[in-house]
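Novice: Okay, handing you the structure first.
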Amino acid sequence: MCYYNSVVFLYIKLLANDIVQKGDILREYDVIVIGGGVTGAGIARDAAMRGFKTLILERKDFSSGVTGACMGMVAGPVGLPVEREFNEWNVQEAQVLKQIAAPLMHTVPFLTPVFSETEAVNQYKFLQLYYEIAKKYGEREPVFLSREHALKLEPRLNKEIYGATYHEEYAIDVFRLVIENLLSAENYGADVYNYHEVTRILKKNGQVYGVVAKDILTGNEKEFYGKIVVNATGPWASKIAGLADVEVKMRPTKGVILILERRITNVGLQMLGIDMTFKELVPHENTTLIGPTSDDYFGDPDELTITRTEIELILESLSRLLPSLREHRIIRGMAGLRPLLYKWGKPAAKVPRDFKVFDHEEQDDVGGFISVVGGNMTIYRLMAEKTVDLIAKLLDKDVKCRTHLEPLPVNEKPVNISELSQKYNIPEIIVRNMYTRQGSKIEKILSMIEENESYKSIICTCEPVITAEVIYSLEHEWVNTVDDLRRRTRIGVGPCQGSFCTHKVIALLAKRKGWGPLKAQQEMLAFLNERWKGKYPILSKTQIPQEELTQAIYVGLGLRSINSTERDEI
Amino acid sequence: MRKYRADVVIIGGGISGLYAGYLANKLGYDAIVIRKGQGATALSSGNIDIMGYYEGQSGWFDSGAEGIRFVTKRNPTHPYSLLDMAEGVPDLTIEHGKHAIMLTDDSIKEFNTFLGNIYTGSIAKNAYIGTTLGTIKPTGYLPFYMANGDLSHHNDTKIGVVGIYGYADFDAGYCADSLKHFSKQYHFGIDEICPVTIKFKGLTEQSNLDPFNIARKLEIDEYRQKFIDDIKTALGSKEVTHLAFPPILGIDNAKVVVSDIENELGVKVFELASLPPNTQGLRLVSLMERTSGAKIQRGEVISFNSDGSKIKSVVVRDYSSKFLFEGDFFILATGKFISDGIIDTGTLKESVFGLPVFDGKVWVKHFDPLKMSERQLISPKGHRFLRIGIRVNYKMQPLNDEMNIAYENLVAAGSVIGGYDSAFELSGFGVAISTAYKAVQTLQELRG
């Protein structure tokens with residue numbers, strides 16, 4: 001009998017192995033992370049580094065939710081509610097990011113202009129609070145500049161200012177930060193999937209044991225089994241928690257950011273806006289970001305739109321500092337939901353930004369399920385650390401976090417940009433820009449040119465991005481659509497918003513993905529439509545000619561929407 | 001301020017402005033074209049679209065005439081419908097569109113004479129050409145460098161699509177695949193379409209090539225010969241009857257480039273309609289400049305003088321200098337948004353005379369983005385903002401918001417006129433040419 005049992009057991013095990021190898025039904029993990037924003041990616045990396053067999057599932061593309069809609073500012077002292085612990089975290093994490101992701105970061109000098117002496121004193125005091133923390137890490141002290149000095153630094157400022165406080169902040173490429181975390185997770189054995197939407201959470205006797213996910217690209221449903229399922233879905237956290245029949249109460253606030261066609265100032269600017277919430281103007285790559293707004297939002301997170309009021313709120317606020325602001329072309333608007341913790345009795349802009357890791361076993365008697373809610377981009381690593389600490393405790397493993405000690409793949413070794421630029425005869429600005437996305441990997445990317453000189457050709461003329469980088473990203477970074485490639489490489493985000501590069505990128509993708517002509521055309525339309533979504537709500541003034549041109553190019557050259565028979569064919 | 005005088009002052013140097021200049025000059029007027037740039041014409045692919053599609057209609061029209069008939073029946077404010085009203089009211093005794101078709105046909109024929117008959121085509125039958133995007137579009141008339149490119153006329157042909165190594169704007173493989181697919185879908189008689197990618201060894205750089213760079217090189221005999229040799233090598237034993245090119249076959253000497261390749265390789269050659277950066281629109285503008293006969297003055301019209309009923313003069317600025325141009329007649333041919341003919345400065349208006357604008361139905365004073373466009377970039381309904389422009393009567397005289405003639409001696413032509421979406425309809429040059437023709441006819445009438 002005993003013998004028989006073990007034979008059956010062996011048989012089942014062999015069968016199971018077979019199925020696992022075929023990669024169809026049975027997939028077992030220690031940790032399944034739902035959500036491919038910065039928090040999810042951070043958790044995946046941390047868990048994989050601690051030796052847990054990890055899976056991360058994202059329903060669209062990585063950073064396509066709220067992560068992709070943030071301004072990319074790290075440890076901004078201003079504009080946040082004054083909560084000492086939270087600010088301390090921010091400053092600390094900025095230091096960590098400087099260690100592990102240096103190429104992705106750059107310093108942004110900031111002016112905070114004021115219009116009266118009282119305002120100046122208050123503002124200076126406020127920044128001193130930040131500096132008290134920051135000085136421990138050797139950050140520069142904020143200084144107060146007279147009107148003359150401030151105007152010298154930024155001549156287009158309103159001449160009526162009283163003066164301005166100067167301080168420095170950091171900005172980071174969040175899209176790259178997420179990808180780098182995922183690449184690192186993958187190096188540690190994690191399975192990384194985008195376009196997998198979790199449709200069900202598997203639960204038995206109060207214990208979560210896995211998820212069902214739909215592969216959006218093929219339409220297939222798959223089951224994944226895991227000891228711990230982590231809900232790191234930001235604004236969608238309540239919805240995902242609902243799949244496990246538990247409640248996560250949130251207070252999402254909507255933030256809108258507008259993008260101007262180029263860098264319009266030397267430094268970043270910030271001020272209290274017309275609604276007494278902080279508004280910033282940040283030079284970002286070849287563009288300028290202005291915003292954000294902060295309002296309660298109780299609708300569907302997938303149905304965010306930008307209103308005229310929000311645009312006006314930003315423009316009216318920052319025009320006070322920069323009277324010529326309205327002359328500039330707004331090329332795009334972005335809206336995102338801050339996934340904040342539920343808080344009664346505070347206006348939207350003042351809702352605390354701290355975070356909480358919910359152990360649903362403790363709270364709702366649902367085991368194996370964790371939700372992480374709140375926080376901001378800067379402290380993503382800390383949030384991940386606390387989450388995986390809990391996972392380690394639940395799985396009874398004593399392993400420590402190392403995500404702050406080991407650099408991300410982007411920062412593995414120093415590279416000499418000028419030397420590479422000369423070696424391959426490529427303008428230094430192109431190599432330098434590529435370095436801010438790919439860091440130490442640029443040596444490998446540029447070496448592709450040795451085999452094929454045409455890989456030096458610039459694909460995106462706005463940014464500029466060369467063919468080699470696009471192809472490298474295509475082959476290594478989970479790219480399925482042109483829009484994914486935009487998040488990896490910045491193609492299509494410049495002043496022309498993809499009008500002059502979409503067709504080139506489609507050709508590269510079609511070849512590597514084996515797309516037929518109809519599928520390629522559908523993808524071209526999909527990307528142009530995605531860009532359009534951020535453009536039509538803000539369309540006005542000098543952006544209108546750009547859109548007329550885009551129409552003349554694509555519609556004027558006979559591109560039409562795919563009809564239903566064609567869709568069936570694809 | 002220096003003062004000049006002309007019989008006809010034309011504002012705008014795109015297709016409708018330069019054509020109006022030619023027509024006025026031919027009628028014996030002293031005409032001058034004032035332009036601040038080359039406008040949207042220089043960005044175009046140079047073929048004359050008459051009417052290809054209409055909003056809400058899924059299929060394309062078989063001919064420009066069919067399209068005009070269709071639109072004149074349904075849309076009374078479309079420029080073609082205005083041209084259809086010979087006497088200011090729809091002529092109920094004859095078929096819809098008849099006048100407009102006749103006038104458009106005449107105007108394009110005259111336009112072709114003006115340019116030395118470089119176009120072939122007909123208002124009675126659309127041509128179907130390939131584009132560098134890999135799409136196929138209907139159009140009316142083809143310039144000589146596209147003449148062999150009407151894919152609906154191909155029969156058992158074998159087309160090689162030529163790509164150039166290092167010219168990233170154009171991927172021959174992708175384009176060939178796509179053209180093959182759509183040719184089959186439309187039942188064109190093409191036997192084979194294949195990519196032919198060549199290395200243009202005559203060039204020192206093999207990356208970041210742009211069409212102007214290659215086109216200029218091809219106008220030099222020595223480079224052209226090398227280029228032809230490179231194609232020969234790339235073709236090897238591959239048999240083709242036609243070679244399709246991106247927009248690289250020369251600029252002012254394109255005729256020589258095309259015929260040399262044809263003669264040396266024994267194949268028919270054509271260019272695909274292309275998006276900017278693009279030599280095709282530049283060829284057209286350059287040819288029109290050389291043949292229009294009108295004077296061309298660079299500068300921007302910054303203000304105008306009138307006595308309330310007539311325009312007396314316009315003030316033109318070219319960098320720091322200012323000039324005053326007096327004229328008997330003025331033609332407004334400033335284009336739409338791309339060329340600043342219509343501007344949004346908080347209020348939406350025509351930029352030179354401050355004329356009110358409409359969208360084909362109602363006056364539009366403020367540009368409200370959420371009401372101006374569809375939610376899809378490529379929408380079967382077109383876009384409202386693309387239909388914005390000034391309102392004219394059937395004689396192409398601009399109207400003010402009381403629907404009266406704005407100025408007695410002012411007419412308009414081209415895309416500054418509202419009421420149609422040229423990108424969706426594929427009607428840009430057709431409307432530009434026919435409205436310019438009508439506008440000059442009106443001048444003749446006004447002179448009496």
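Chain identifiers are assigned as A, B, and so on, following the order in which chains appear in the structure tokens; residues are numbered from 1 within each chain, and ligands are numbered from 1 in order of appearance.
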Could you write out as number ranges by chain the residues of chain A within 8 Å of chain B, counting only C-alpha atoms?

Specialist: A: 453-459, 500-501, 503-504, 507, 510-511, 516-518, 525, 528-529, 532-533, 536-542, 544-546, 548-549, 551-553, 555-561

Novice: Identify, on the basis of only C-alpha atoms, every residue whose closest approach to Ile331 in chain A does not exceed 7 Å; exclude the query and any residue fewer than 4 positions from it along the same chain; express the result as a count of residues only.

Specialist: 6

Novice: Can you pull out the residues contacting His154 in chain B? Cut-off 8 Å, using only C-alpha atoms, and skip same-chain residues under 6 positions away; I want them as a list in words.

Specialist: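 Answer for this query is Phe188, Gly189 and Ile190 of chain B.
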
Novice: Keeping only N, CA, C and O atoms, write those residues as a tab-separated table (two decimals), in the first residue's frame.

Specialist:
```tsv
chain	number	residue	atom	x	y	z
B	188	PHE	N	-5.74	44.78	-56.69
B	188	PHE	CA	-4.90	45.36	-57.74
B	188	PHE	C	-4.10	44.23	-58.39
B	188	PHE	O	-3.78	43.23	-57.74
B	189	GLY	N	-3.77	44.44	-59.65
B	189	GLY	CA	-3.14	43.34	-60.39
B	189	GLY	C	-1.62	43.25	-60.27
B	189	GLY	O	-0.94	42.97	-61.25
B	190	ILE	N	-1.13	43.52	-59.08
B	190	ILE	CA	0.32	43.46	-58.92
B	190	ILE	C	0.74	42.02	-58.63
B	190	ILE	O	0.13	41.34	-57.81
```

Novice: Counting only C-alpha atoms, what is within 6 Å of range 146-151 of chain B, bar same-chain residues fewer than 5 positions away, as a list in words?

Specialist: Ala127, Tyr128, Ile129, Phe270 and Glu271 of chain B

Novice: Could you pull the residues within 8 Å of Tyr437 in chain B, counting only C-alpha atoms, minus those fewer than 4 positions along the same chain, as a short mmCIF file (atom, residue, chain, number, x, y, z; two decimals) with N, CA and C atoms, in the first residue's frame?

Specialist:
```cif
data_model
loop_
_atom_site.label_atom_id
_atom_site.label_comp_id
_atom_site.auth_asym_id
_atom_site.auth_seq_id
_atom_site.Cartn_x
_atom_site.Cartn_y
_atom_site.Cartn_z
N TYR B 19 -0.64 80.04 -57.43
CA TYR B 19 -1.48 79.79 -58.60
C TYR B 19 -2.31 81.03 -58.92
N ALA B 20 -2.86 81.67 -57.90
CA ALA B 20 -3.62 82.91 -58.11
C ALA B 20 -2.71 83.96 -58.74
N LEU B 23 -2.44 83.16 -62.39
CA LEU B 23 -3.67 83.47 -63.11
C LEU B 23 -3.84 84.98 -63.30
N SER B 107 -9.97 74.23 -63.70
CA SER B 107 -8.92 74.88 -62.92
C SER B 107 -7.69 73.99 -62.82
N ILE B 433 -6.80 74.71 -55.59
CA ILE B 433 -6.69 75.10 -57.00
C ILE B 433 -8.02 75.68 -57.51
N GLN B 441 -11.40 84.64 -61.04
CA GLN B 441 -12.57 84.94 -61.89
C GLN B 441 -13.38 86.09 -61.29
#
```

Novice: Which one of A:Ile257, A:Met271, A:Val366, A:Val192 sits closest to Glu119 in chain A if you count only C-alpha atoms?

Specialist: A:Met271

Novice: What's the separation between CA of Thr309 in chain A and CA of Val282 in chain A, in Å to one decimal place?

Specialist: 21.0 Å

Novice: Let's see if you can do this: from backbone DSSP, list all helix (DSSP H, G or I) residues in range 283-369 of chain B, as a ChimeraX atom specification.

Specialist: /B:283-291,369

Novice: For Lys227 in chain A, which residue among A:Thr199, A:Thr54, A:Asn563, A:Thr107 is the nearest when counting only C-alpha atoms?

Specialist: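 With only C-alpha atoms as the atom set, the closest residue is A:Thr54.
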
Novice: As a PDB file with all heavy atoms, in the first residue's frame, please: the residues near Leu27 in chain B (cut-off 12 Å, only C-alpha atoms, same-chain neighbours under 6 positions excluded).

Specialist:
```
ATOM      1  N   ASP B   7      -1.549  95.769 -58.837  1.00  0.00           N
ATOM      2  CA  ASP B   7      -2.986  95.635 -59.107  1.00  0.00           C
ATOM      3  C   ASP B   7      -3.592  94.644 -58.118  1.00  0.00           C
ATOM      4  O   ASP B   7      -4.635  94.876 -57.538  1.00  0.00           O
ATOM      5  CB  ASP B   7      -3.232  95.127 -60.530  1.00  0.00           C
ATOM      6  CG  ASP B   7      -2.679  96.084 -61.577  1.00  0.00           C
ATOM      7  OD1 ASP B   7      -2.597  97.290 -61.246  1.00  0.00           O
ATOM      8  OD2 ASP B   7      -2.337  95.627 -62.676  1.00  0.00           O
ATOM      9  N   VAL B   8      -2.879  93.524 -57.995  1.00  0.00           N
ATOM     10  CA  VAL B   8      -3.389  92.466 -57.121  1.00  0.00           C
ATOM     11  C   VAL B   8      -2.323  92.103 -56.098  1.00  0.00           C
ATOM     12  O   VAL B   8      -1.197  91.764 -56.462  1.00  0.00           O
ATOM     13  CB  VAL B   8      -3.765  91.197 -57.922  1.00  0.00           C
ATOM     14  CG1 VAL B   8      -4.315  90.125 -56.987  1.00  0.00           C
ATOM     15  CG2 VAL B   8      -4.780  91.537 -59.009  1.00  0.00           C
ATOM     16  N   ALA B  20      -2.862  81.668 -57.898  1.00  0.00           N
ATOM     17  CA  ALA B  20      -3.619  82.907 -58.112  1.00  0.00           C
ATOM     18  C   ALA B  20      -2.707  83.955 -58.738  1.00  0.00           C
ATOM     19  O   ALA B  20      -3.125  84.711 -59.628  1.00  0.00           O
ATOM     20  CB  ALA B  20      -4.208  83.407 -56.798  1.00  0.00           C
ATOM     21  N   GLY B  21      -1.443  83.982 -58.300  1.00  0.00           N
ATOM     22  CA  GLY B  21      -0.472  84.926 -58.865  1.00  0.00           C
ATOM     23  C   GLY B  21      -0.296  84.688 -60.355  1.00  0.00           C
ATOM     24  O   GLY B  21      -0.301  85.621 -61.168  1.00  0.00           O
ATOM     25  N   GLY B 293       5.261  83.866 -62.702  1.00  0.00           N
ATOM     26  CA  GLY B 293       5.245  85.155 -63.379  1.00  0.00           C
ATOM     27  C   GLY B 293       4.924  86.305 -62.445  1.00  0.00           C
ATOM     28  O   GLY B 293       5.198  87.462 -62.742  1.00  0.00           O
ATOM     29  N   ALA B 294       4.342  85.999 -61.273  1.00  0.00           N
ATOM     30  CA  ALA B 294       4.063  87.057 -60.305  1.00  0.00           C
ATOM     31  C   ALA B 294       5.341  87.369 -59.532  1.00  0.00           C
ATOM     32  O   ALA B 294       6.215  86.531 -59.411  1.00  0.00           O
ATOM     33  CB  ALA B 294       2.971  86.602 -59.348  1.00  0.00           C
ATOM     34  N   TYR B 437      -8.841  79.625 -58.579  1.00  0.00           N
ATOM     35  CA  TYR B 437      -9.334  79.876 -59.929  1.00  0.00           C
ATOM     36  C   TYR B 437     -10.596  80.738 -59.876  1.00  0.00           C
ATOM     37  O   TYR B 437     -10.732  81.737 -60.567  1.00  0.00           O
ATOM     38  CB  TYR B 437      -9.625  78.513 -60.556  1.00  0.00           C
ATOM     39  CG  TYR B 437      -9.947  78.495 -62.016  1.00  0.00           C
ATOM     40  CD1 TYR B 437      -8.939  78.556 -62.971  1.00  0.00           C
ATOM     41  CD2 TYR B 437     -11.264  78.348 -62.444  1.00  0.00           C
ATOM     42  CE1 TYR B 437      -9.231  78.481 -64.318  1.00  0.00           C
ATOM     43  CE2 TYR B 437     -11.575  78.273 -63.796  1.00  0.00           C
ATOM     44  CZ  TYR B 437     -10.554  78.343 -64.724  1.00  0.00           C
ATOM     45  OH  TYR B 437     -10.857  78.259 -66.058  1.00  0.00           O
ATOM     46  N   VAL B 440      -9.922  84.395 -58.728  1.00  0.00           N
ATOM     47  CA  VAL B 440      -9.411  85.281 -59.778  1.00  0.00           C
ATOM     48  C   VAL B 440     -10.514  85.613 -60.793  1.00  0.00           C
ATOM     49  O   VAL B 440     -10.599  86.732 -61.297  1.00  0.00           O
ATOM     50  CB  VAL B 440      -8.143  84.679 -60.441  1.00  0.00           C
ATOM     51  CG1 VAL B 440      -7.668  85.560 -61.593  1.00  0.00           C
ATOM     52  CG2 VAL B 440      -7.039  84.519 -59.411  1.00  0.00           C
ATOM     53  N   GLN B 441     -11.398  84.645 -61.036  1.00  0.00           N
ATOM     54  CA  GLN B 441     -12.567  84.941 -61.887  1.00  0.00           C
ATOM     55  C   GLN B 441     -13.384  86.090 -61.295  1.00  0.00           C
ATOM     56  O   GLN B 441     -13.832  86.983 -62.003  1.00  0.00           O
ATOM     57  CB  GLN B 441     -13.473  83.715 -61.986  1.00  0.00           C
ATOM     58  CG  GLN B 441     -13.096  82.755 -63.083  1.00  0.00           C
ATOM     59  CD  GLN B 441     -14.129  81.630 -63.237  1.00  0.00           C
ATOM     60  OE1 GLN B 441     -15.081  81.526 -62.461  1.00  0.00           O
ATOM     61  NE2 GLN B 441     -13.932  80.794 -64.238  1.00  0.00           N
ATOM     62  N   LEU B 443     -12.302  88.467 -59.363  1.00  0.00           N
ATOM     63  CA  LEU B 443     -11.579  89.732 -59.570  1.00  0.00           C
ATOM     64  C   LEU B 443     -11.907  90.314 -60.935  1.00  0.00           C
ATOM     65  O   LEU B 443     -12.173  91.513 -61.079  1.00  0.00           O
ATOM     66  CB  LEU B 443     -10.064  89.499 -59.520  1.00  0.00           C
ATOM     67  CG  LEU B 443      -9.409  89.198 -58.196  1.00  0.00           C
ATOM     68  CD1 LEU B 443      -7.905  89.381 -58.330  1.00  0.00           C
ATOM     69  CD2 LEU B 443      -9.936  90.143 -57.136  1.00  0.00           C
ATOM     70  N   GLN B 444     -11.884  89.446 -61.950  1.00  0.00           N
ATOM     71  CA  GLN B 444     -12.191  89.871 -63.315  1.00  0.00           C
ATOM     72  C   GLN B 444     -13.561  90.528 -63.380  1.00  0.00           C
ATOM     73  O   GLN B 444     -13.728  91.603 -63.939  1.00  0.00           O
ATOM     74  CB  GLN B 444     -12.213  88.651 -64.249  1.00  0.00           C
ATOM     75  CG  GLN B 444     -10.913  88.278 -64.882  1.00  0.00           C
ATOM     76  CD  GLN B 444     -10.376  89.360 -65.799  1.00  0.00           C
ATOM     77  OE1 GLN B 444      -9.891  90.386 -65.315  1.00  0.00           O
ATOM     78  NE2 GLN B 444     -10.419  89.141 -67.106  1.00  0.00           N
ATOM     79  N   ARG B 447     -13.658  93.893 -61.660  1.00  0.00           N
ATOM     80  CA  ARG B 447     -13.037  94.950 -62.448  1.00  0.00           C
ATOM     81  C   ARG B 447     -14.002  95.403 -63.548  1.00  0.00           C
ATOM     82  O   ARG B 447     -13.989  96.538 -63.964  1.00  0.00           O
ATOM     83  CB  ARG B 447     -11.724  94.458 -63.053  1.00  0.00           C
ATOM     84  CG  ARG B 447     -10.929  95.598 -63.658  1.00  0.00           C
ATOM     85  CD  ARG B 447      -9.514  95.220 -63.968  1.00  0.00           C
ATOM     86  NE  ARG B 447      -9.450  94.216 -65.026  1.00  0.00           N
ATOM     87  CZ  ARG B 447      -8.323  93.888 -65.640  1.00  0.00           C
ATOM     88  NH1 ARG B 447      -7.174  94.470 -65.300  1.00  0.00           N
ATOM     89  NH2 ARG B 447      -8.312  92.970 -66.571  1.00  0.00           N
TER      90      ARG B 447
END
```

Novice: Rounded to one decimal, what separation in Å do you get between CA of Ser81 in chain B and CA of Lys98 in chain B?

Specialist: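 Separating CA of Ser81 in chain B from CA of Lys98 in chain B is a distance of 10.0 Å.
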